[in-house]
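Quick notes on the structure that follows.
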Amino acid sequence: MWKNSRAGGLPLRPGSTRRNPLMRRSDRIENLLTLAVIVLAFAMLPLAIFVGAKTAASQQVLAEQQTSEFRTVTATTFADSTGVTMSSDVAPSGVDTAPAKWTWGDQTRRADITVDPATPAGTEEQIWVDGEGNLTTQPMSASAARVAGVIAGLFTWFVVMMIAMSGFLITRASLNRARDAQWDRDLRQFLDSTTRH
């Protein structure tokens, strides 16, 4: 037996569909956009994992290269420690530095190195140098390479989703303006009608 879609309505075959007459075109567009954003969020997961894995692999190669090229040498400070100087390129902010020198082959290298506060002149410190004997940072660790991969993957997913959400919110705002304008037109048409109910 057929069922009525509503009291007094036309009979519908079982399983047949009919669009909701109360749902406007703008509502259907918004629903489709919402579904598209959800699908995109799941579809971006494999890409984010791929980007993260590629980044981790490249950073791992860099870490292995730095580990093979960088080495530690003993540097000797020749002045008391002071605050961070502008000439230091590898010293982080908020620590003391001191001018130091070390031997590389038959050459003597000099640079400002990071030291503990109140480090006197003549203190020996272990520092990292690159393949040319220049002061550098500690080689990247394997764990740091993995963290860089995770951050890259999350950042990729986040950026794409922020762009998608921005587009969705802009479109929804436009649809809301269109719906408000339609409500105003319908209301004016109703108020101007001579057959009010």
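Convention: chains lettered A, B, ... in structure tokens order; per-chain residue numbering from 1; ligands numbered from 1 as shown.
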### Task
Name all residues at most 7 Å from region 68-78 of chain A (count only C-alpha atoms; drop same-chain ones fewer than 3 positions away) and give them as number ranges by chain.
A: 64-65, 98-102, 121-131, 139
Go ahead and save the picked residues with N, CA, C and O atoms, as an mmCIF file, in the first residue's frame.
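The result, stored in out.cif:
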```
data_model
loop_
_atom_site.group_PDB
_atom_site.id
_atom_site.type_symbol
_atom_site.label_atom_id
_atom_site.label_comp_id
_atom_site.auth_asym_id
_atom_site.auth_seq_id
_atom_site.Cartn_x
_atom_site.Cartn_y
_atom_site.Cartn_z
ATOM 1 N N GLU A 64 72.013 12.567 9.347
ATOM 2 C CA GLU A 64 73.133 11.644 9.145
ATOM 3 C C GLU A 64 74.325 12.357 8.522
ATOM 4 O O GLU A 64 75.480 12.081 8.868
ATOM 5 N N GLN A 65 74.044 13.281 7.599
ATOM 6 C CA GLN A 65 75.133 14.045 6.985
ATOM 7 C C GLN A 65 75.835 14.927 8.008
ATOM 8 O O GLN A 65 77.075 14.993 8.037
ATOM 9 N N ALA A 98 81.144 34.100 25.257
ATOM 10 C CA ALA A 98 82.529 34.491 25.533
ATOM 11 C C ALA A 98 83.348 34.259 24.276
ATOM 12 O O ALA A 98 83.130 33.266 23.562
ATOM 13 N N PRO A 99 84.281 35.146 23.974
ATOM 14 C CA PRO A 99 85.165 34.912 22.831
ATOM 15 C C PRO A 99 86.083 33.735 23.130
ATOM 16 O O PRO A 99 86.610 33.607 24.236
ATOM 17 N N ALA A 100 86.222 32.861 22.134
ATOM 18 C CA ALA A 100 87.037 31.667 22.343
ATOM 19 C C ALA A 100 87.836 31.377 21.082
ATOM 20 O O ALA A 100 87.542 31.894 20.001
ATOM 21 N N LYS A 101 88.841 30.544 21.230
ATOM 22 C CA LYS A 101 89.655 30.139 20.089
ATOM 23 C C LYS A 101 89.906 28.643 20.172
ATOM 24 O O LYS A 101 89.898 28.030 21.242
ATOM 25 N N TRP A 102 90.126 28.033 19.008
ATOM 26 C CA TRP A 102 90.414 26.613 18.937
ATOM 27 C C TRP A 102 91.302 26.371 17.714
ATOM 28 O O TRP A 102 91.384 27.199 16.800
ATOM 29 N N ALA A 121 87.815 33.741 31.834
ATOM 30 C CA ALA A 121 88.738 33.506 30.720
ATOM 31 C C ALA A 121 89.606 32.289 31.019
ATOM 32 O O ALA A 121 89.921 31.993 32.170
ATOM 33 N N GLY A 122 89.977 31.556 29.971
ATOM 34 C CA GLY A 122 90.800 30.363 30.140
ATOM 35 C C GLY A 122 90.003 29.095 30.349
ATOM 36 O O GLY A 122 90.587 28.027 30.545
ATOM 37 N N THR A 123 88.676 29.175 30.296
ATOM 38 C CA THR A 123 87.831 27.991 30.475
ATOM 39 C C THR A 123 87.772 27.204 29.167
ATOM 40 O O THR A 123 87.619 27.771 28.082
ATOM 41 N N GLU A 124 87.897 25.886 29.264
ATOM 42 C CA GLU A 124 87.794 25.022 28.092
ATOM 43 C C GLU A 124 86.361 24.545 27.920
ATOM 44 O O GLU A 124 85.721 24.093 28.883
ATOM 45 N N GLU A 125 85.855 24.647 26.704
ATOM 46 C CA GLU A 125 84.481 24.252 26.392
ATOM 47 C C GLU A 125 84.492 23.362 25.144
ATOM 48 O O GLU A 125 85.278 23.576 24.210
ATOM 49 N N GLN A 126 83.614 22.373 25.139
ATOM 50 C CA GLN A 126 83.438 21.529 23.968
ATOM 51 C C GLN A 126 82.436 22.203 23.022
ATOM 52 O O GLN A 126 81.326 22.547 23.429
ATOM 53 N N ILE A 127 82.842 22.391 21.781
ATOM 54 C CA ILE A 127 81.966 23.026 20.800
ATOM 55 C C ILE A 127 81.870 22.141 19.557
ATOM 56 O O ILE A 127 82.692 21.246 19.346
ATOM 57 N N TRP A 128 80.842 22.395 18.745
ATOM 58 C CA TRP A 128 80.660 21.685 17.479
ATOM 59 C C TRP A 128 81.169 22.558 16.350
ATOM 60 O O TRP A 128 80.901 23.754 16.299
ATOM 61 N N VAL A 129 81.903 21.949 15.427
ATOM 62 C CA VAL A 129 82.373 22.654 14.234
ATOM 63 C C VAL A 129 82.007 21.829 13.005
ATOM 64 O O VAL A 129 81.814 20.605 13.083
ATOM 65 N N ASP A 130 81.898 22.533 11.852
ATOM 66 C CA ASP A 130 81.559 21.833 10.614
ATOM 67 C C ASP A 130 82.813 21.286 9.952
ATOM 68 O O ASP A 130 83.906 21.280 10.546
ATOM 69 N N GLY A 131 82.679 20.826 8.710
ATOM 70 C CA GLY A 131 83.803 20.212 8.017
ATOM 71 C C GLY A 131 84.938 21.154 7.726
ATOM 72 O O GLY A 131 86.043 20.704 7.391
ATOM 73 N N PRO A 139 74.598 18.571 15.711
ATOM 74 C CA PRO A 139 73.894 17.879 14.629
ATOM 75 C C PRO A 139 72.461 17.524 15.026
ATOM 76 O O PRO A 139 72.161 17.265 16.196
#
```
### Message
So that I can see what lies close to Thr171 (chain A), please list as a ChimeraX atom specification the residues with an atom at most 10 Å from it, counting only C-alpha atoms and leaving out residues fewer than 5 positions away in the same chain.
### Response
/A:29-30,33,165-166,176-177
Would you output that residue set with C-alpha atoms, as a compact mmCIF listing (two decimals), in the first residue's frame?
```
# COMPACT_ATOMS: atom_id res chain seq x y z
CA ILE A 29 24.41 24.27 -1.48
CA GLU A 30 25.45 24.76 2.14
CA LEU A 33 29.74 22.37 0.99
CA MET A 165 37.11 26.49 5.99
CA SER A 166 37.71 30.09 4.94
CA ASN A 176 22.99 33.94 4.44
CA ARG A 177 22.79 37.34 2.77
```
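Compared by their closest atoms to Thr136 (chain A), and using only C-alpha atoms, the residues A:Ala53, A:Ile113, A:Ala118, A:Ile163 rank with A:Ile113 nearest.
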#### Entry: Those of region 58-186 of chain A in DSSP strand (DSSP E), formatted as a ChimeraX atom specification
/A:71-77,96-104,107-115,124-129,135-136
Keeping only C-alpha atoms, write the selected residues to a file as a short mmCIF file (atom, residue, chain, number, x, y, z; two decimals), in the first residue's frame.
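Below you can see part-v1.cif, which holds the result:
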```cif
data_model
loop_
_atom_site.label_atom_id
_atom_site.label_comp_id
_atom_site.auth_asym_id
_atom_site.auth_seq_id
_atom_site.Cartn_x
_atom_site.Cartn_y
_atom_site.Cartn_z
CA ARG A 71 82.67 17.03 15.21
CA THR A 72 83.51 18.39 18.62
CA VAL A 73 86.67 20.29 19.44
CA THR A 74 87.94 21.96 22.57
CA ALA A 75 87.75 25.75 22.57
CA THR A 76 89.39 27.98 25.16
CA THR A 77 87.84 31.28 26.17
CA ASP A 96 76.04 34.39 28.00
CA THR A 97 78.77 34.24 25.41
CA ALA A 98 82.53 34.49 25.53
CA PRO A 99 85.16 34.91 22.83
CA ALA A 100 87.04 31.67 22.34
CA LYS A 101 89.66 30.14 20.09
CA TRP A 102 90.41 26.61 18.94
CA THR A 103 92.85 24.89 16.65
CA TRP A 104 91.79 23.48 13.29
CA GLN A 107 94.95 27.33 11.84
CA THR A 108 93.50 29.05 14.89
CA ARG A 109 89.80 29.86 14.69
CA ARG A 110 87.98 32.43 16.82
CA ALA A 111 84.29 33.02 17.52
CA ASP A 112 81.86 33.83 20.33
CA ILE A 113 80.59 30.64 21.97
CA THR A 114 77.76 30.06 24.42
CA VAL A 115 78.88 29.52 28.00
CA GLU A 124 87.79 25.02 28.09
CA GLU A 125 84.48 24.25 26.39
CA GLN A 126 83.44 21.53 23.97
CA ILE A 127 81.97 23.03 20.80
CA TRP A 128 80.66 21.68 17.48
CA VAL A 129 82.37 22.65 14.23
CA LEU A 135 81.53 27.04 14.70
CA THR A 136 78.13 25.41 14.14
#
```
#### Entry: Counting only C-alpha atoms, the option among A:Ser26, A:Gln182, A:Gln59, A:Gln138 closest to Ala152 (chain A)
A:Gln59
### helix (DSSP H, G or I) per DSSP on the backbone: members of region 2-197 of chain A, as a VMD selection string
chain A and resid 25 to 69 142 to 192
#### Entry: Pick from A:Ser174, A:Thr156, A:Gln189, A:Thr67, whichever lies nearest to Leu45 (chain A) using only C-alpha atoms
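Closest to Leu45 (chain A) of all the choices is A:Thr156.
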### Residue nearest Ala57 (chain A) - candidates A:Ala148, A:Val39, A:Leu154, A:Val160, atoms counted: only C-alpha atoms
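For Ala57 (chain A), the nearest of the candidates is A:Ala148.
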